[in-house]
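Enquirer: Got a structure for you, questions after.
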Amino acid sequence: MRACYNERAYRKREEGEPAMNRIDMKAWAKVNLFLNVVGKRPDGFHELEMFNATIGLCDDVNIERVDNENGVTVTSNDKFLENGNNLVTRVANELLKRYAPDAGVRITIDKRIPAGAGLGGNSADAAAVIHGLDRLFGWNLNPIEKAAFALKHGADIPYCLQGGTAAVYGIGERIKPISVDLSGWSVLVVHPNIFTSTEQVFAAWDAGGFPQVPIAPFLKCAETGDIVGMMANMKNALEPATFSIAPEVAAWKTKISRELGHEGVVMTGSGSTILKVFVNNSARITRFLDENKDNSRVFVEKFVNKE
C-alpha cells in the first residue's frame, strides 16, 4: 500500500542478512474529507470522527546510520526541524533509546508539505521515521506495537503509518480502512499562506458552541463507492471555529466555491488548507491555478490508493 511512507522500501530483513546503513522514505500528506468533533474528553483531548485519504504530495525522508555516534541529528530545508525540539526528533530519540541506545542516525528531510496546513506533514514525517528506523535496524516491530507508540506522540501518526482511505475515530486510535477507488479523481489544494494553531482552533470550538456534523451520510456513500455522493456530503465541524480566528480562510473557501462550484470543497484538519475535489482538470481549474499562484500555495494532486 502506498501510504504515508514508501512501502516498497519496507521489506522485512531475512535472518542473516546484513543490516542496512541507509533508507529513503516517502512521507505522504493526508487530507480530511470529513471531520466531526464529538466532544471534549475529561483528559482534554477531543473525540473525533473523520474520513481520511492520502494524496501525492510528500516529503522525502532519508535515514542514515552513523558510526561512532549516538543520538539523532536532523537536517532539513525547514529549519524548524533542526532545532531538536520537534516531533521527528522526539520520535527518533525515543525509539533509539528503547531499542538501540548506543546507535546514532542522521535524518535528512526535504520538506514539501506545508506546516500548520491541516495536511499532517509532521505526522507523516514521524510515521516515515518509525517505519524507516524499524527497517534500518531490523527490529521487526509488529503493527500494534507501532500504532501504540505512534499514538503517544500524535493523533494523526497512527493513520499515517497506514494511509489510504479510512474512517478514523476517537483521538486517532481507531482506524477502519474503507476501500474507495479515488484513482480517477484529483484534489485542488489551496494553502493561503496562513498558519492556524490546532490548539487555538479547538479552544475556539469549545468556547463557540458550534454544532456537530453527522458523518453517517458521508460514510454510506464511501462504503458504496458513491464518490459524487461523498463530494456532496464533505463537511468539517472545525470550519466555523477556524473561520472565527482566521476569516481569510473563510474567504478562500467562498472564493473557491464561487469560482469552481461548492461540491467537494472542504477545509482539511484545523486549517488553513481548503480542498476542492474534482474529476476533470477543466479550464476553470487551470485558470484558478494561474490566477492565484502569487498569493497562495495552490496545486493539484492525485489521491494515493492502496496498491
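As shown in the C-alpha cells, the chain order sets the letters A, B, ...; within each chain, residues go from 1, and ligands are also counted from 1 in the order they appear.
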List the neighbours of Phe202 (chain A) out to 9 Å using only C-alpha atoms; skip same-chain residues closer than 5 positions along the sequence, and give me the result as a list in words.
Expert: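 Within the cut-off, the hits are His46, Ser197, Ala207, Leu238, Ala241, Thr242 and Ser270 of chain A.
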Enquirer: Can you tell me, as an mmCIF file with C-alpha atoms, in the first residue's frame, what residues are no more than 9 Å from Gly39 (chain A) when counting only C-alpha atoms, ignoring any on the same chain fewer than 5 positions away?
Expert:
data_model
loop_
_atom_site.group_PDB
_atom_site.id
_atom_site.type_symbol
_atom_site.label_atom_id
_atom_site.label_comp_id
_atom_site.auth_asym_id
_atom_site.auth_seq_id
_atom_site.Cartn_x
_atom_site.Cartn_y
_atom_site.Cartn_z
ATOM 1 C CA PHE A 45 -8.438 15.581 24.149
ATOM 2 C CA HIS A 46 -11.283 15.705 21.648
ATOM 3 C CA GLU A 47 -13.193 12.725 20.300
ATOM 4 C CA LEU A 48 -13.333 12.910 16.512
ATOM 5 C CA ASP A 206 -15.022 24.559 22.793
ATOM 6 C CA GLN A 212 -21.542 18.705 15.206
#
Enquirer: Can you check which parts of region 17-127 of chain A lie within 9 Å of region 160-163 of chain A? Per residue, the shortest pair of atoms and distance in Å to one decimal, counting only C-alpha atoms, sorted by chain and number, as a tab-separated table.
Expert:
residue	atom	partner	partner_atom	distance
A:Ala27	CA	A:Cys160	CA	8.3
A:Trp28	CA	A:Cys160	CA	7.8
A:Ala29	CA	A:Cys160	CA	8.3
A:Lys30	CA	A:Cys160	CA	7.4
A:Asn52	CA	A:Gly163	CA	8.1
A:Ala53	CA	A:Gly163	CA	6.9
A:Thr54	CA	A:Gly163	CA	6.0
A:Gly120	CA	A:Cys160	CA	8.1
A:Ser123	CA	A:Cys160	CA	6.7
A:Ala124	CA	A:Cys160	CA	5.5
A:Asp125	CA	A:Cys160	CA	8.8
A:Ala126	CA	A:Cys160	CA	8.5
A:Ala127	CA	A:Leu161	CA	5.2
Enquirer: Quick one: write out the picked residues with N, CA and C atoms as a PDB file, in the first residue's frame?
Expert:
ATOM      1  N   ALA A  27       7.058  10.404   2.819  1.00  0.00           N
ATOM      2  CA  ALA A  27       6.072  10.742   3.840  1.00  0.00           C
ATOM      3  C   ALA A  27       4.917  11.465   3.154  1.00  0.00           C
ATOM      4  N   TRP A  28       3.801  10.755   2.968  1.00  0.00           N
ATOM      5  CA  TRP A  28       2.691  11.256   2.158  1.00  0.00           C
ATOM      6  C   TRP A  28       1.723  12.104   2.972  1.00  0.00           C
ATOM      7  N   ALA A  29       1.246  13.189   2.393  1.00  0.00           N
ATOM      8  CA  ALA A  29       0.296  14.079   3.070  1.00  0.00           C
ATOM      9  C   ALA A  29      -1.069  13.403   3.195  1.00  0.00           C
ATOM     10  N   LYS A  30      -1.783  13.743   4.264  1.00  0.00           N
ATOM     11  CA  LYS A  30      -3.150  13.256   4.442  1.00  0.00           C
ATOM     12  C   LYS A  30      -4.113  14.431   4.304  1.00  0.00           C
ATOM     13  N   ASN A  52     -10.306  10.000   6.214  1.00  0.00           N
ATOM     14  CA  ASN A  52      -9.015  10.470   5.712  1.00  0.00           C
ATOM     15  C   ASN A  52      -8.650   9.810   4.396  1.00  0.00           C
ATOM     16  N   ALA A  53      -7.850  10.505   3.632  1.00  0.00           N
ATOM     17  CA  ALA A  53      -7.289   9.956   2.395  1.00  0.00           C
ATOM     18  C   ALA A  53      -5.863  10.466   2.252  1.00  0.00           C
ATOM     19  N   THR A  54      -5.088   9.775   1.425  1.00  0.00           N
ATOM     20  CA  THR A  54      -3.697  10.132   1.170  1.00  0.00           C
ATOM     21  C   THR A  54      -3.578  10.739  -0.214  1.00  0.00           C
ATOM     22  N   GLY A 120      -1.118  17.154   7.816  1.00  0.00           N
ATOM     23  CA  GLY A 120      -0.439  16.101   8.555  1.00  0.00           C
ATOM     24  C   GLY A 120       1.029  15.946   8.241  1.00  0.00           C
ATOM     25  N   SER A 123       3.250  14.675  11.169  1.00  0.00           N
ATOM     26  CA  SER A 123       2.846  13.302  11.500  1.00  0.00           C
ATOM     27  C   SER A 123       3.310  12.323  10.439  1.00  0.00           C
ATOM     28  N   ALA A 124       3.223  12.722   9.171  1.00  0.00           N
ATOM     29  CA  ALA A 124       3.693  11.859   8.087  1.00  0.00           C
ATOM     30  C   ALA A 124       5.192  11.618   8.204  1.00  0.00           C
ATOM     31  N   ASP A 125       5.942  12.672   8.518  1.00  0.00           N
ATOM     32  CA  ASP A 125       7.394  12.518   8.709  1.00  0.00           C
ATOM     33  C   ASP A 125       7.689  11.571   9.868  1.00  0.00           C
ATOM     34  N   ALA A 126       6.951  11.728  10.970  1.00  0.00           N
ATOM     35  CA  ALA A 126       7.154  10.861  12.130  1.00  0.00           C
ATOM     36  C   ALA A 126       6.843   9.407  11.784  1.00  0.00           C
ATOM     37  N   ALA A 127       5.767   9.177  11.023  1.00  0.00           N
ATOM     38  CA  ALA A 127       5.420   7.815  10.617  1.00  0.00           C
ATOM     39  C   ALA A 127       6.515   7.220   9.735  1.00  0.00           C
TER      40      ALA A 127
END
Enquirer: For CA of Pro192 (chain A) and CA of Ala115 (chain A), quote the distance in Å rounded to one decimal.
Expert: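 Value for the CA of Pro192 (chain A)-CA of Ala115 (chain A) distance: 11.8 Å.
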Enquirer: Which of these, A:Leu151, A:Ala222, A:Ile245, A:Val180, has the shortest distance to Ala203 (chain A) once you count only C-alpha atoms?
Expert: A:Ile245
Enquirer: Would you list the contacts of region 292-298 of chain A as a PyMOL selection string, taking every protein, DNA or RNA residue within 6 Å and counting only C-alpha atoms, but skipping same-chain residues closer than 5 positions in sequence?
Expert: chain A and resi 189-193
Enquirer: Excluding Gly121 (chain A) and residues on its chain fewer than 5 positions from it, collect all residues at most 12 Å away from it, counting only C-alpha atoms, and give them as a PyMOL selection string.
Expert: chain A and resi 4-5+26-31+54-55+57-61+78+81+87-88+109-116+126-128+154+156-157+160+269
Enquirer: Would you mind exporting the chosen residues as a PDB file, in the first residue's frame, restricted to C-alpha atoms?
Expert:
ATOM      1  CA  CYS A   4       2.452   7.899   4.360  1.00  0.00           C
ATOM      2  CA  TYR A   5       5.692   6.030   3.717  1.00  0.00           C
ATOM      3  CA  LYS A  26       8.269   8.960   1.285  1.00  0.00           C
ATOM      4  CA  ALA A  27       6.072  10.742   3.840  1.00  0.00           C
ATOM      5  CA  TRP A  28       2.691  11.256   2.158  1.00  0.00           C
ATOM      6  CA  ALA A  29       0.296  14.079   3.070  1.00  0.00           C
ATOM      7  CA  LYS A  30      -3.150  13.256   4.442  1.00  0.00           C
ATOM      8  CA  VAL A  31      -6.409  15.097   3.874  1.00  0.00           C
ATOM      9  CA  THR A  54      -3.697  10.132   1.170  1.00  0.00           C
ATOM     10  CA  ILE A  55      -2.567  12.430  -1.635  1.00  0.00           C
ATOM     11  CA  LEU A  57       2.194  15.465  -2.022  1.00  0.00           C
ATOM     12  CA  CYS A  58       5.072  14.133   0.063  1.00  0.00           C
ATOM     13  CA  ASP A  59       8.245  14.886   1.972  1.00  0.00           C
ATOM     14  CA  ASP A  60      11.427  12.905   1.256  1.00  0.00           C
ATOM     15  CA  VAL A  61      12.890  11.385   4.420  1.00  0.00           C
ATOM     16  CA  ASP A  78      12.713  23.544   7.052  1.00  0.00           C
ATOM     17  CA  LEU A  81      13.147  20.565  12.132  1.00  0.00           C
ATOM     18  CA  LEU A  87       8.095  15.651  16.647  1.00  0.00           C
ATOM     19  CA  VAL A  88      10.536  13.844  14.360  1.00  0.00           C
ATOM     20  CA  ILE A 109      14.062  15.744   5.361  1.00  0.00           C
ATOM     21  CA  ASP A 110      13.243  17.525   2.119  1.00  0.00           C
ATOM     22  CA  LYS A 111      10.090  19.301   3.240  1.00  0.00           C
ATOM     23  CA  ARG A 112       7.285  19.925   0.730  1.00  0.00           C
ATOM     24  CA  ILE A 113       4.174  19.568   2.890  1.00  0.00           C
ATOM     25  CA  PRO A 114       3.440  22.989   4.427  1.00  0.00           C
ATOM     26  CA  ALA A 115       3.272  23.261   8.227  1.00  0.00           C
ATOM     27  CA  GLY A 116       0.125  24.373  10.023  1.00  0.00           C
ATOM     28  CA  ALA A 126       7.154  10.861  12.130  1.00  0.00           C
ATOM     29  CA  ALA A 127       5.420   7.815  10.617  1.00  0.00           C
ATOM     30  CA  ALA A 128       8.129   7.544   7.961  1.00  0.00           C
ATOM     31  CA  GLY A 154       0.368  12.447  17.916  1.00  0.00           C
ATOM     32  CA  ASP A 156      -2.503  11.632  13.168  1.00  0.00           C
ATOM     33  CA  ILE A 157       0.553   9.365  13.312  1.00  0.00           C
ATOM     34  CA  CYS A 160      -0.090   7.980   8.700  1.00  0.00           C
ATOM     35  CA  GLY A 269      -7.891  19.400   9.601  1.00  0.00           C
TER      36      GLY A 269
END
Enquirer: How many Å lie between CA of Ala204 (chain A) and CA of Met234 (chain A), rounded to one decimal?
Expert: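 Distance reported for this atom pair: 21.4 Å.
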Enquirer: Among region 19-254 of chain A, which residues carry a DSSP assignment of helix (DSSP H, G or I), reported as JSON, numbers by chain?
Expert: {"A": [79, 80, 81, 82, 87, 88, 89, 90, 91, 92, 93, 94, 95, 96, 97, 98, 99, 121, 122, 123, 124, 125, 126, 127, 128, 129, 130, 131, 132, 133, 134, 135, 136, 137, 143, 144, 145, 146, 147, 148, 149, 150, 151, 152, 153, 157, 158, 159, 160, 161, 162, 198, 199, 200, 201, 202, 203, 204, 205, 206, 207, 208, 216, 217, 218, 219, 220, 221, 222, 223, 227, 228, 229, 230, 231, 232, 239, 240, 241, 242, 243, 244, 245, 247, 248, 249, 250, 251, 252, 253, 254]}
Enquirer: Would you export the selected residues with C-alpha atoms as a PDB file, in the first residue's frame, please?
Expert:
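Resulting contents of again_7.pdb:
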ATOM      1  CA  LYS A  79      14.992  24.901   9.792  1.00  0.00           C
ATOM      2  CA  PHE A  80      12.358  24.259  12.492  1.00  0.00           C
ATOM      3  CA  LEU A  81      13.147  20.565  12.132  1.00  0.00           C
ATOM      4  CA  GLU A  82      16.773  21.221  13.082  1.00  0.00           C
ATOM      5  CA  LEU A  87       8.095  15.651  16.647  1.00  0.00           C
ATOM      6  CA  VAL A  88      10.536  13.844  14.360  1.00  0.00           C
ATOM      7  CA  THR A  89      13.454  14.235  16.756  1.00  0.00           C
ATOM      8  CA  ARG A  90      11.395  13.148  19.783  1.00  0.00           C
ATOM      9  CA  VAL A  91      10.081  10.051  17.997  1.00  0.00           C
ATOM     10  CA  ALA A  92      13.508   9.026  16.709  1.00  0.00           C
ATOM     11  CA  ASN A  93      15.234   9.631  20.052  1.00  0.00           C
ATOM     12  CA  GLU A  94      12.693   7.560  21.969  1.00  0.00           C
ATOM     13  CA  LEU A  95      12.894   4.659  19.524  1.00  0.00           C
ATOM     14  CA  LEU A  96      16.689   4.604  19.656  1.00  0.00           C
ATOM     15  CA  LYS A  97      16.686   4.891  23.443  1.00  0.00           C
ATOM     16  CA  ARG A  98      14.294   1.951  23.649  1.00  0.00           C
ATOM     17  CA  TYR A  99      15.729  -0.391  21.007  1.00  0.00           C
ATOM     18  CA  GLY A 121       3.095  16.900   7.427  1.00  0.00           C
ATOM     19  CA  ASN A 122       4.867  16.444  10.753  1.00  0.00           C
ATOM     20  CA  SER A 123       2.846  13.302  11.500  1.00  0.00           C
ATOM     21  CA  ALA A 124       3.693  11.859   8.087  1.00  0.00           C
ATOM     22  CA  ASP A 125       7.394  12.518   8.709  1.00  0.00           C
ATOM     23  CA  ALA A 126       7.154  10.861  12.130  1.00  0.00           C
ATOM     24  CA  ALA A 127       5.420   7.815  10.617  1.00  0.00           C
ATOM     25  CA  ALA A 128       8.129   7.544   7.961  1.00  0.00           C
ATOM     26  CA  VAL A 129      10.782   7.677  10.697  1.00  0.00           C
ATOM     27  CA  ILE A 130       9.048   4.924  12.707  1.00  0.00           C
ATOM     28  CA  HIS A 131       8.865   2.632   9.676  1.00  0.00           C
ATOM     29  CA  GLY A 132      12.325   3.633   8.489  1.00  0.00           C
ATOM     30  CA  LEU A 133      14.137   3.023  11.772  1.00  0.00           C
ATOM     31  CA  ASP A 134      12.356  -0.299  12.198  1.00  0.00           C
ATOM     32  CA  ARG A 135      13.535  -1.378   8.753  1.00  0.00           C
ATOM     33  CA  LEU A 136      17.018   0.092   9.104  1.00  0.00           C
ATOM     34  CA  PHE A 137      17.776  -1.724  12.359  1.00  0.00           C
ATOM     35  CA  PRO A 143       1.830  -3.106  13.746  1.00  0.00           C
ATOM     36  CA  ILE A 144       0.048  -2.958  17.104  1.00  0.00           C
ATOM     37  CA  GLU A 145       3.273  -2.008  18.869  1.00  0.00           C
ATOM     38  CA  LYS A 146       3.981   0.693  16.282  1.00  0.00           C
ATOM     39  CA  ALA A 147       0.460   2.134  16.492  1.00  0.00           C
ATOM     40  CA  ALA A 148       0.562   2.317  20.298  1.00  0.00           C
ATOM     41  CA  PHE A 149       3.931   4.064  20.186  1.00  0.00           C
ATOM     42  CA  ALA A 150       2.714   6.445  17.476  1.00  0.00           C
ATOM     43  CA  LEU A 151      -0.430   7.451  19.382  1.00  0.00           C
ATOM     44  CA  LYS A 152       1.693   8.602  22.328  1.00  0.00           C
ATOM     45  CA  HIS A 153       3.249  11.220  20.052  1.00  0.00           C
ATOM     46  CA  ILE A 157       0.553   9.365  13.312  1.00  0.00           C
ATOM     47  CA  PRO A 158      -1.309   6.012  13.611  1.00  0.00           C
ATOM     48  CA  TYR A 159      -3.261   6.851  10.459  1.00  0.00           C
ATOM     49  CA  CYS A 160      -0.090   7.980   8.700  1.00  0.00           C
ATOM     50  CA  LEU A 161       1.509   4.621   9.480  1.00  0.00           C
ATOM     51  CA  GLN A 162      -1.246   3.068   7.399  1.00  0.00           C
ATOM     52  CA  THR A 198      -4.661  23.438  16.204  1.00  0.00           C
ATOM     53  CA  GLU A 199      -4.763  24.251  19.915  1.00  0.00           C
ATOM     54  CA  GLN A 200      -6.372  27.656  19.289  1.00  0.00           C
ATOM     55  CA  VAL A 201      -8.909  26.225  16.848  1.00  0.00           C
ATOM     56  CA  PHE A 202     -10.083  23.559  19.286  1.00  0.00           C
ATOM     57  CA  ALA A 203     -10.256  26.150  22.081  1.00  0.00           C
ATOM     58  CA  ALA A 204     -12.447  28.281  19.820  1.00  0.00           C
ATOM     59  CA  TRP A 205     -14.628  25.260  19.060  1.00  0.00           C
ATOM     60  CA  ASP A 206     -15.022  24.559  22.793  1.00  0.00           C
ATOM     61  CA  ALA A 207     -15.973  28.171  23.521  1.00  0.00           C
ATOM     62  CA  GLY A 208     -18.154  28.748  20.498  1.00  0.00           C
ATOM     63  CA  ALA A 216     -23.303   8.747   8.588  1.00  0.00           C
ATOM     64  CA  PRO A 217     -24.421  10.141   5.179  1.00  0.00           C
ATOM     65  CA  PHE A 218     -20.809  10.529   4.065  1.00  0.00           C
ATOM     66  CA  LEU A 219     -19.822   7.040   5.244  1.00  0.00           C
ATOM     67  CA  LYS A 220     -22.801   5.463   3.485  1.00  0.00           C
ATOM     68  CA  CYS A 221     -21.567   6.964   0.218  1.00  0.00           C
ATOM     69  CA  ALA A 222     -17.960   5.923   0.887  1.00  0.00           C
ATOM     70  CA  GLU A 223     -18.913   2.341   1.697  1.00  0.00           C
ATOM     71  CA  ILE A 227     -17.817   9.403  -4.869  1.00  0.00           C
ATOM     72  CA  VAL A 228     -20.240  12.034  -6.159  1.00  0.00           C
ATOM     73  CA  GLY A 229     -22.295  11.473  -3.015  1.00  0.00           C
ATOM     74  CA  MET A 230     -19.143  11.784  -0.905  1.00  0.00           C
ATOM     75  CA  MET A 231     -18.416  15.147  -2.535  1.00  0.00           C
ATOM     76  CA  ALA A 232     -21.916  16.390  -1.736  1.00  0.00           C
ATOM     77  CA  GLU A 239     -14.580  25.273   9.930  1.00  0.00           C
ATOM     78  CA  PRO A 240     -16.611  27.835  11.935  1.00  0.00           C
ATOM     79  CA  ALA A 241     -14.001  27.782  14.716  1.00  0.00           C
ATOM     80  CA  THR A 242     -11.121  28.277  12.267  1.00  0.00           C
ATOM     81  CA  PHE A 243     -13.027  30.941  10.349  1.00  0.00           C
ATOM     82  CA  SER A 244     -13.648  32.865  13.594  1.00  0.00           C
ATOM     83  CA  ILE A 245      -9.880  33.026  14.164  1.00  0.00           C
ATOM     84  CA  PRO A 247     -11.514  34.973   8.407  1.00  0.00           C
ATOM     85  CA  GLU A 248      -9.121  34.904   5.444  1.00  0.00           C
ATOM     86  CA  VAL A 249      -9.528  31.106   5.349  1.00  0.00           C
ATOM     87  CA  ALA A 250     -13.310  31.514   5.115  1.00  0.00           C
ATOM     88  CA  ALA A 251     -12.795  33.997   2.272  1.00  0.00           C
ATOM     89  CA  TRP A 252     -10.734  31.425   0.369  1.00  0.00           C
ATOM     90  CA  LYS A 253     -13.421  28.766   0.761  1.00  0.00           C
ATOM     91  CA  THR A 254     -16.024  31.222  -0.521  1.00  0.00           C
TER      92      THR A 254
END
Enquirer: Between A:Asn77, A:Leu275, A:Pro211, A:Asn70, which has the minimum distance to Phe34 (chain A) (counting only C-alpha atoms)?
Expert: A:Leu275
Enquirer: Quick one: DSSP strand (DSSP E) residues in region 21-129 of chain A, as number ranges by chain?
Expert: A: 22-40, 46-65, 71-76, 104-110
